[in-house]
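Asks: Dumping the structure here so I can ask a few things about it.
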Amino acid sequence: MPSHRIFNFSAGPACLPESVLEQAKKDIWNIDDSGIGILEHSHRGKAFDKITHDTEALCRQVGNIPDNHSVFWMQGGATSQCYMVPANFLAEGQTADYFQTGKWANDSIKEVPLYGHCHIAGSSKATNYDRIPAPADIKNSANPVYVQFTSNNTIVGTEWKGEPQNIPAGAFLVSDASSNIFSRPIDVTRYGLIYAGAQKNLGPSGITLLIARKDVLELAPRPLPEMVKYKNHAEKEGRFNTPNTFGVYLMGEVFKWILAEGGLKAMEERNREKAMLVYDFIDSQDFYKPHAQTDSRSMMNITFKCPTPELDDLFTEEADKKGLSGLTGHRITAGMRASMYNAFPKAGAQALVDFMKDFARQHAATAKA
């Protein structure tokens, strides 16, 4: 068992700020001198009241979230939101527009026909999701209730540089922002709903942050079980049922860290700097081949391959021995995937580049044989 921290390139659950982990160690034992650790406090008690309200306030500060948007959290991860969104917003016979940019987008798309019609406004399926659809290739339906996109595609390493443009009048934007939430500034006012599984940039797995415009929470296209109604969770501060109390606490600690580091502009600068270290090296040579098209590259997840599958396997095996963990790519793209979320250090990006250079030098002849 290593006695030190290694570089964690996992796509999620992913690395957290070390200062946050150190604070959590203390608060698991005894938080705020209450004599009870965070894992043991009642979700209805005064101590957790403070944690809930502080976490929401910190989230609003980080994201510059206005009062006409609710901030709350739910269990079930972002995957539960794939059906929650159309269940809450889409009446039978109505249409929602979706962008087909990878697995997580497809997981949402397949749930829509249970409730209404799904229109594919843009797709990169034909090229194995190596790009974000170009504006010229986007065709919205005539009257969608909402337009949904996955802002960062973890598996394939593509990312929207902003929001889809020319949204039809009357429609609102929905974003699955699980893998790039708060990695850069965002204009929340442009969205009806943003949801994000916490395990990339916000905290532990098992909790999902939701930011919803209050008027869209009033939509009630069908009778639903009480647990499935967004409005219930928003009105109860994410405590309609017992929440992941540790997850709420840890998100609050991460929000404190983001603010202490300079906020979202600082996050964007550090993330861009880390990503460009790797991308600039990839573009300077011909041993490694990137998956994502240049104009669609993700700052969070960098996908690439060696010249052969055998070298891919050897790369991840040798990298792991060097303390570069979690670089194996998803089966959809194969090869490698380096996930570098907010808390991932620049030193890790440099260590990866140094290893890539050494590995390419050692195996260049094998690749050409």
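In the structure tokens, chains take letters A, B, ... by order of appearance, with residues numbered from 1 within each chain and ligands from 1 in the order shown.
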Fewer than 5 positions away in the same chain doesn't count, so skip those; otherwise give me all residues within 10 Å of segment 348-352 of chain A, counting only C-alpha atoms, as number ranges by chain.

Replies: A: 6-9, 273-278, 319, 322-324, 327, 338-340, 357-358

Asks: Quick one: residues within 9 Å of Phe99 of chain A, only C-alpha atoms, excluding same-chain residues fewer than 6 positions away - as a ChimeraX atom specification?

Replies: /A:105-106,109,119-124,132-133,138,147-150

Asks: Write the residues of the selection above to a file with C-alpha atoms, as a CSV table (one decimal), in the first residue's frame.

Replies:
chain,number,residue,atom,x,y,z
A,105,ALA,CA,-26.0,11.7,-24.3
A,106,ASN,CA,-27.3,8.4,-25.7
A,109,ILE,CA,-31.9,10.1,-25.6
A,119,HIS,CA,-35.5,15.0,-32.0
A,120,ILE,CA,-31.8,14.7,-32.7
A,121,ALA,CA,-30.7,18.3,-33.4
A,122,GLY,CA,-27.0,17.3,-34.1
A,123,SER,CA,-24.9,14.2,-34.0
A,124,SER,CA,-21.3,13.0,-34.3
A,132,ILE,CA,-19.1,18.6,-31.3
A,133,PRO,CA,-21.6,19.1,-34.1
A,138,ILE,CA,-27.5,21.6,-36.2
A,147,VAL,CA,-32.9,21.5,-25.8
A,148,GLN,CA,-30.5,19.2,-24.0
A,149,PHE,CA,-26.8,18.7,-24.4
A,150,THR,CA,-23.9,17.0,-22.6

Asks: Run DSSP on the backbone and tell me which residues of segment 128-322 of chain A come out as alpha helix (DSSP H); list them as a PyMOL selection string.

Replies: chain A and resi 230-235+245-260+263-283+309-321

Asks: Which neighbours of Ala87 of chain A fall inside 12 Å, counting only C-alpha atoms, when residues of the same chain fewer than 6 positions from it are skipped, and could you give them as JSON, numbers by chain?

Replies: {"A": [80, 81, 94, 96, 108, 111, 112, 113, 114, 115, 116, 117, 217, 219, 220, 221, 222, 223, 224, 225, 227, 228, 229, 230]}

Asks: Residues within 8 Å of segment 189-200 of chain A, please, as a VMD selection string. Count only C-alpha atoms; anything in the same chain fewer than 2 positions from it doesn't count.

Replies: chain A and resid 11 to 15 65 to 66 77 to 78 81 172 to 181 187 202 to 213 216 251 341

Asks: Print the selection's residues with N, CA and C atoms to a file, as an mmCIF file, in the first residue's frame.

Replies:
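Final output, saved to part-v7.cif:
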data_model
loop_
_atom_site.group_PDB
_atom_site.id
_atom_site.type_symbol
_atom_site.label_atom_id
_atom_site.label_comp_id
_atom_site.auth_asym_id
_atom_site.auth_seq_id
_atom_site.Cartn_x
_atom_site.Cartn_y
_atom_site.Cartn_z
ATOM 1 N N ALA A 11 -11.373 8.891 -14.474
ATOM 2 C CA ALA A 11 -12.474 9.696 -15.017
ATOM 3 C C ALA A 11 -13.563 9.934 -13.987
ATOM 4 N N GLY A 12 -13.525 9.253 -12.872
ATOM 5 C CA GLY A 12 -14.473 9.469 -11.801
ATOM 6 C C GLY A 12 -14.985 8.154 -11.220
ATOM 7 N N PRO A 13 -15.076 8.091 -9.859
ATOM 8 C CA PRO A 13 -14.694 9.145 -8.934
ATOM 9 C C PRO A 13 -13.250 9.589 -9.147
ATOM 10 N N ALA A 14 -13.049 10.891 -9.003
ATOM 11 C CA ALA A 14 -11.776 11.485 -9.378
ATOM 12 C C ALA A 14 -11.115 12.139 -8.172
ATOM 13 N N CYS A 15 -9.931 12.711 -8.421
ATOM 14 C CA CYS A 15 -9.173 13.305 -7.319
ATOM 15 C C CYS A 15 -9.895 14.530 -6.759
ATOM 16 N N ILE A 65 -25.125 32.358 -9.210
ATOM 17 C CA ILE A 65 -26.463 31.831 -9.482
ATOM 18 C C ILE A 65 -27.516 32.789 -8.931
ATOM 19 N N PRO A 66 -28.428 33.267 -9.772
ATOM 20 C CA PRO A 66 -29.427 34.250 -9.326
ATOM 21 C C PRO A 66 -30.533 33.618 -8.496
ATOM 22 N N GLY A 77 -27.221 9.706 -8.808
ATOM 23 C CA GLY A 77 -26.264 10.058 -9.848
ATOM 24 C C GLY A 77 -26.933 10.723 -11.037
ATOM 25 N N ALA A 78 -26.105 11.155 -11.991
ATOM 26 C CA ALA A 78 -26.637 11.830 -13.174
ATOM 27 C C ALA A 78 -27.478 10.895 -14.038
ATOM 28 N N GLN A 81 -31.090 11.303 -13.830
ATOM 29 C CA GLN A 81 -31.613 12.499 -14.479
ATOM 30 C C GLN A 81 -31.995 12.249 -15.933
ATOM 31 N N PHE A 172 -36.130 25.969 -23.402
ATOM 32 C CA PHE A 172 -35.075 26.267 -22.435
ATOM 33 C C PHE A 172 -33.970 25.223 -22.550
ATOM 34 N N LEU A 173 -32.771 25.603 -22.125
ATOM 35 C CA LEU A 173 -31.607 24.721 -22.208
ATOM 36 C C LEU A 173 -31.530 23.806 -20.992
ATOM 37 N N VAL A 174 -31.175 22.562 -21.238
ATOM 38 C CA VAL A 174 -30.851 21.601 -20.187
ATOM 39 C C VAL A 174 -29.447 21.089 -20.460
ATOM 40 N N SER A 175 -28.629 21.014 -19.428
ATOM 41 C CA SER A 175 -27.266 20.526 -19.613
ATOM 42 C C SER A 175 -26.912 19.464 -18.588
ATOM 43 N N ASP A 176 -26.392 18.344 -19.092
ATOM 44 C CA ASP A 176 -25.688 17.391 -18.239
ATOM 45 C C ASP A 176 -24.248 17.889 -18.184
ATOM 46 N N ALA A 177 -23.898 18.540 -17.077
ATOM 47 C CA ALA A 177 -22.566 19.137 -16.926
ATOM 48 C C ALA A 177 -21.698 18.332 -15.956
ATOM 49 N N SER A 178 -21.961 17.041 -15.875
ATOM 50 C CA SER A 178 -21.321 16.222 -14.849
ATOM 51 C C SER A 178 -19.801 16.292 -14.861
ATOM 52 N N SER A 179 -19.200 16.334 -16.048
ATOM 53 C CA SER A 179 -17.743 16.224 -16.067
ATOM 54 C C SER A 179 -17.003 17.519 -16.340
ATOM 55 N N ASN A 180 -17.728 18.646 -16.419
ATOM 56 C CA ASN A 180 -16.990 19.926 -16.474
ATOM 57 C C ASN A 180 -17.665 21.033 -15.669
ATOM 58 N N ILE A 181 -18.558 20.651 -14.756
ATOM 59 C CA ILE A 181 -19.224 21.642 -13.925
ATOM 60 C C ILE A 181 -18.195 22.475 -13.158
ATOM 61 N N ASP A 187 -22.752 31.035 -17.598
ATOM 62 C CA ASP A 187 -23.877 31.950 -17.456
ATOM 63 C C ASP A 187 -25.122 31.132 -17.142
ATOM 64 N N LEU A 202 -16.844 18.025 -7.995
ATOM 65 C CA LEU A 202 -17.545 18.614 -6.853
ATOM 66 C C LEU A 202 -17.407 17.859 -5.547
ATOM 67 N N GLY A 203 -17.215 16.546 -5.596
ATOM 68 C CA GLY A 203 -17.214 15.791 -4.356
ATOM 69 C C GLY A 203 -17.234 14.296 -4.597
ATOM 70 N N PRO A 204 -17.917 13.530 -3.743
ATOM 71 C CA PRO A 204 -17.940 12.079 -3.874
ATOM 72 C C PRO A 204 -19.037 11.607 -4.817
ATOM 73 N N SER A 205 -19.017 10.340 -5.147
ATOM 74 C CA SER A 205 -20.102 9.761 -5.930
ATOM 75 C C SER A 205 -21.352 9.627 -5.059
ATOM 76 N N GLY A 206 -22.488 9.454 -5.709
ATOM 77 C CA GLY A 206 -23.724 9.221 -4.972
ATOM 78 C C GLY A 206 -24.554 10.459 -4.714
ATOM 79 N N ILE A 207 -24.143 11.600 -5.256
ATOM 80 C CA ILE A 207 -24.925 12.818 -5.092
ATOM 81 C C ILE A 207 -24.828 13.642 -6.369
ATOM 82 N N THR A 208 -25.921 14.286 -6.740
ATOM 83 C CA THR A 208 -25.991 15.083 -7.963
ATOM 84 C C THR A 208 -26.458 16.492 -7.620
ATOM 85 N N LEU A 209 -25.723 17.475 -8.108
ATOM 86 C CA LEU A 209 -26.108 18.875 -7.941
ATOM 87 C C LEU A 209 -27.087 19.263 -9.043
ATOM 88 N N LEU A 210 -28.135 19.990 -8.672
ATOM 89 C CA LEU A 210 -29.089 20.511 -9.646
ATOM 90 C C LEU A 210 -29.270 22.010 -9.454
ATOM 91 N N ILE A 211 -29.288 22.721 -10.564
ATOM 92 C CA ILE A 211 -29.536 24.159 -10.589
ATOM 93 C C ILE A 211 -30.691 24.362 -11.565
ATOM 94 N N ALA A 212 -31.842 24.771 -11.069
ATOM 95 C CA ALA A 212 -33.043 24.808 -11.904
ATOM 96 C C ALA A 212 -33.739 26.153 -11.813
ATOM 97 N N ARG A 213 -34.126 26.674 -12.964
ATOM 98 C CA ARG A 213 -34.926 27.895 -12.974
ATOM 99 C C ARG A 213 -36.280 27.596 -12.343
ATOM 100 N N VAL A 216 -39.478 26.634 -14.464
ATOM 101 C CA VAL A 216 -39.582 25.324 -15.123
ATOM 102 C C VAL A 216 -39.931 24.238 -14.111
ATOM 103 N N MET A 251 -19.217 18.804 -0.889
ATOM 104 C CA MET A 251 -19.397 19.812 -1.929
ATOM 105 C C MET A 251 -19.143 21.206 -1.373
ATOM 106 N N TYR A 341 -9.375 16.923 -13.839
ATOM 107 C CA TYR A 341 -10.409 17.834 -13.367
ATOM 108 C C TYR A 341 -9.796 18.946 -12.520
#

Asks: Restricting the calculation to only C-alpha atoms: of A:Asn301, A:Ile186, A:Cys118, A:Arg270, which residue gets closest to Leu90 of chain A?

Replies: A:Cys118

Asks: Within segment 130-364 of chain A, find each residue whose DSSP state, derived from the backbone, is strand (DSSP E), and express the selection as a VMD selection string.

Replies: chain A and resid 146 to 150 152 to 153 158 to 159 172 to 176 191 to 197 208 to 213 289 to 290 301 to 305 324 to 325 336 to 339

Asks: Which of these residues is nearest to Pro17 of chain A, using only C-alpha atoms: A:Met336, A:Ala365, A:Val254, A:Leu264?

Replies: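 The closest residue to Pro17 of chain A is A:Val254.
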
Asks: For a test of reading the model, state the distance in Å between atom CA of Lys161 of chain A and atom CA of Asp283 of chain A, rounded to one decimal.

Replies: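 Here the two named atoms are 19.9 Å from each other.
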
Asks: What is the distance between atom CA of Ala134 of chain A and atom CA of Gln165 of chain A, in Å to one decimal?

Replies: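 Taking atom CA of Ala134 of chain A as the start and atom CA of Gln165 of chain A as the end point, the length is 10.6 Å.
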
Asks: If you measure from atom CA of Asp312 of chain A to atom CA of Asn201 of chain A, what distance in Å do you get, rounded to one decimal?

Replies: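 Atom CA of Asn201 of chain A lies at a distance of 27.0 Å from atom CA of Asp312 of chain A.
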
Asks: Using only C-alpha atoms, which residue out of A:His330, A:Arg272, A:Lys214, A:His233 lies closest to Asp67 of chain A?

Replies: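 Once distances to Asp67 of chain A are computed over only C-alpha atoms, the minimum belongs to A:Lys214.
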